[in-house]
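Enquirer: Have a look at this one before I ask anything.
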2 protein chains.
Amino acid sequence: MPKHIADSTVRRLSLYLRFVEEALGRGLRTISSDTLAALGGTTSAQVRKDLSSFGSFGKRGLGYPIPDLVERLRDILGLEREWRVVIIGAGRIGSALAHYPGFSQHGFRIVGVYDNDAEKIGRSWDGHPIRDVAHLGRDASREKPDIAVLAIPADTAQATADHVVRAGIRAILNFAPTPLRVPDSVTVKTVNMALELEGLSYALAHKR
Amino acid sequence: MPKHIADSTVRRLSLYLRFVEEALGRGLRTISSDTLAALGGTTSAQVRKDLSSFGSFGKRGLGYPIPDLVERLRDILGLEREWRVVIIGAGRIGSALAHYPGFSQHGFRIVGVYDNDAEKIGRSWDGHPIRDVAHLGRDASREKPDIAVLAIPADTAQATADHVVRAGIRAILNFAPTPLRVPDSVTVKTVNMALELEGLSYALAHKR
């Protein structure tokens with residue numbers, strides 16, 4: 001296993017996994033690097049390079065055996081184990097994420113849902129009781145969540161991220177439209193719908 | 001106005017806009033490149049470079065006048081006009097997007113909601129009647145939407161994108177976990193929650 005893999009490689013591995021899982025669902029037994037390249041918008045040389053860096057699988061001319069490839073990709077991506085997720089912000093975004101089919105299927109399990117709104121605390125959210133975010137640290141020391149999803153407005157995002165880091169959680173999926181400052185030991189991925197929309201708006205306004 | 005702006009610059013301009021709108025809401029009148037740099041996780045030299053490429057605003061030592069900066073950034077990003085949006089896939093993701101506060105506030109207006117599920121067609125979705133996606137082309141020739149949001153599963157995403165392109169829509173916000181092939185005249189931005197989650201999973205599995 002190579003020491004450092006670029007983010008762009010990890011993203012391609014995720015895409016390959018999507019395609020081979022879909023192929024597995026259709027009952028296929030092998031898939032070629034050409035097919036993976038066409039689906040992923042890359043070259044077959046890139047596919048072979050991406051996959052060979054994790055040890056050899058597949059025989060030249062025969063393609064990759066799909067069940068092996070699914071298992072190896074899931075293992076590389078850390079999807080063979082369960083990740084414990086807390087959702088902070090009991091709203092539509094967290095709910096959309098929790099209902100995304102790949103969420104539970106890929107081993108992401110919601111262990112707690114939090115909000116700071118007294119009106120919401122204690123109610124049920126997709127079957128989970130909404131907890132007071134002030135109790136996150138206490139709960140986390142017992143439940144050891146791996147990932148915090150921040151589905152909250154920008155103005156409270158940094159303070160909440162600080163709270164998450166203090167609670168010992170080492171990975172954050174950030175839906176707030178703002179960058180977060182965290183220690184190097186914590187990984188943040190941001191899903192910023194506003195940036196993407198404004199990127200489209202910019203392109204529409206300036207394209208001839 | 002410079003001819004070609006890199007995607008990374010457009011993304012920083014979106015972030016600056018977020019910060020100056022927030023400062024405007026708090027009644028501030030000027031903001032320095034140092035402050036913008038600190039908020040955006042960049043350098044003040046980068047901020048000055050990003051903003052100066054669109055003509056000079058701000059005086060050395062006095063900072064940028066906030067109302068002017070908001071107006072210029074909104075203009076550059078194409079947000080001073082209204083964009084007509086169709087949502088394809090009447091589910092939780094589209095709903096989360098439609099309720100994002102920046103959506104209507106930044107001039108994105110939903111003109112139609114589509115699905116291919118006979119059970120859903122005709123029902124109301126956040127006040128919009130759900131239409132049959134088979135009628136998208138006919139409706140689009142009349143309503144001229146600018147942006148299509150694809151909030152649908154991966155396996156139907158490419159066929160739907162082809163349909164959107166044939167309907168004359170030139171911008172796509174793609175929530176399906178798969179890349180889309182479109183002509184150069186069409187801009188696609190992808191919001192891929194699965195990729196981001198798997199990036200976190202990878203980091204958790206491999207970090208020491």
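Ligands are numbered from 1 in the order shown, residues from 1 within each chain, and chains are lettered A, B, ... in the order they appear in the structure tokens.
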Give me, as a PyMOL selection string, the contact residues of chain A against chain B at a cut-off of 6 Å, counting only C-alpha atoms.
Expert: chain A and resi 77-78+92-93+96+189+196+201-202+205
Enquirer: Could you take the residues named above and write them with C-alpha atoms, as a tab-separated table (two decimals), in the first residue's frame?
Expert:
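So the final result, stored in again-v3.tsv, reads:
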```tsv
chain	number	residue	atom	x	y	z
A	77	LEU	CA	-11.39	3.23	0.80
A	78	GLY	CA	-11.96	2.05	4.38
A	92	ARG	CA	-33.21	18.89	5.26
A	93	ILE	CA	-29.56	18.52	4.26
A	96	ALA	CA	-31.07	14.05	2.39
A	189	LYS	CA	-14.44	17.67	3.22
A	196	GLU	CA	-21.32	25.28	-7.29
A	201	SER	CA	-24.11	31.51	-12.63
A	202	TYR	CA	-20.64	32.83	-13.51
A	205	ALA	CA	-23.15	35.16	-17.40
```
Enquirer: If you run DSSP over the backbone, which residues in region 3-136 of chain B end up alpha helix (DSSP H)? Put them as an MDAnalysis selection string.
Expert: chainID B and resid 7:25 33:40 44:52 66:76 92:99 101:105 136
Enquirer: Name all residues at most 10 Å from Lys144 (chain B) (count only C-alpha atoms; drop same-chain ones fewer than 3 positions away) and give them as a ChimeraX atom specification.
Expert: /B:83-86,111,137,139-141,147,167-169
Enquirer: Restricted to C-alpha atoms, what would the selected residues look like written as a PDB file, in the first residue's frame?
Expert:
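Once everything was written out, this is out_23.pdb:
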```pdb
ATOM      1  CA  TRP B  83     -31.651  32.404 -13.107  1.00  0.00           C
ATOM      2  CA  ARG B  84     -34.498  30.063 -13.919  1.00  0.00           C
ATOM      3  CA  VAL B  85     -33.999  26.614 -12.420  1.00  0.00           C
ATOM      4  CA  VAL B  86     -35.701  23.282 -13.020  1.00  0.00           C
ATOM      5  CA  VAL B 111     -39.699  27.366 -12.500  1.00  0.00           C
ATOM      6  CA  GLY B 137     -38.376  19.669 -23.791  1.00  0.00           C
ATOM      7  CA  ASP B 139     -41.941  23.096 -21.293  1.00  0.00           C
ATOM      8  CA  ALA B 140     -38.376  24.367 -21.752  1.00  0.00           C
ATOM      9  CA  SER B 141     -39.085  25.776 -25.210  1.00  0.00           C
ATOM     10  CA  ILE B 147     -30.121  25.641 -14.980  1.00  0.00           C
ATOM     11  CA  ALA B 167     -33.987  20.968 -24.250  1.00  0.00           C
ATOM     12  CA  GLY B 168     -31.457  23.804 -24.682  1.00  0.00           C
ATOM     13  CA  ILE B 169     -30.474  24.148 -21.004  1.00  0.00           C
TER      14      ILE B 169
END
```
Enquirer: Using DSSP assignments from the backbone, pull out every residue in region 8-189 of chain B that falls under strand (DSSP E) and give it to me as a PyMOL selection string.
Expert: chain B and resi 30-31+64-65+83-88+108-115+124-125+128-132+147-150+171-174+187-189
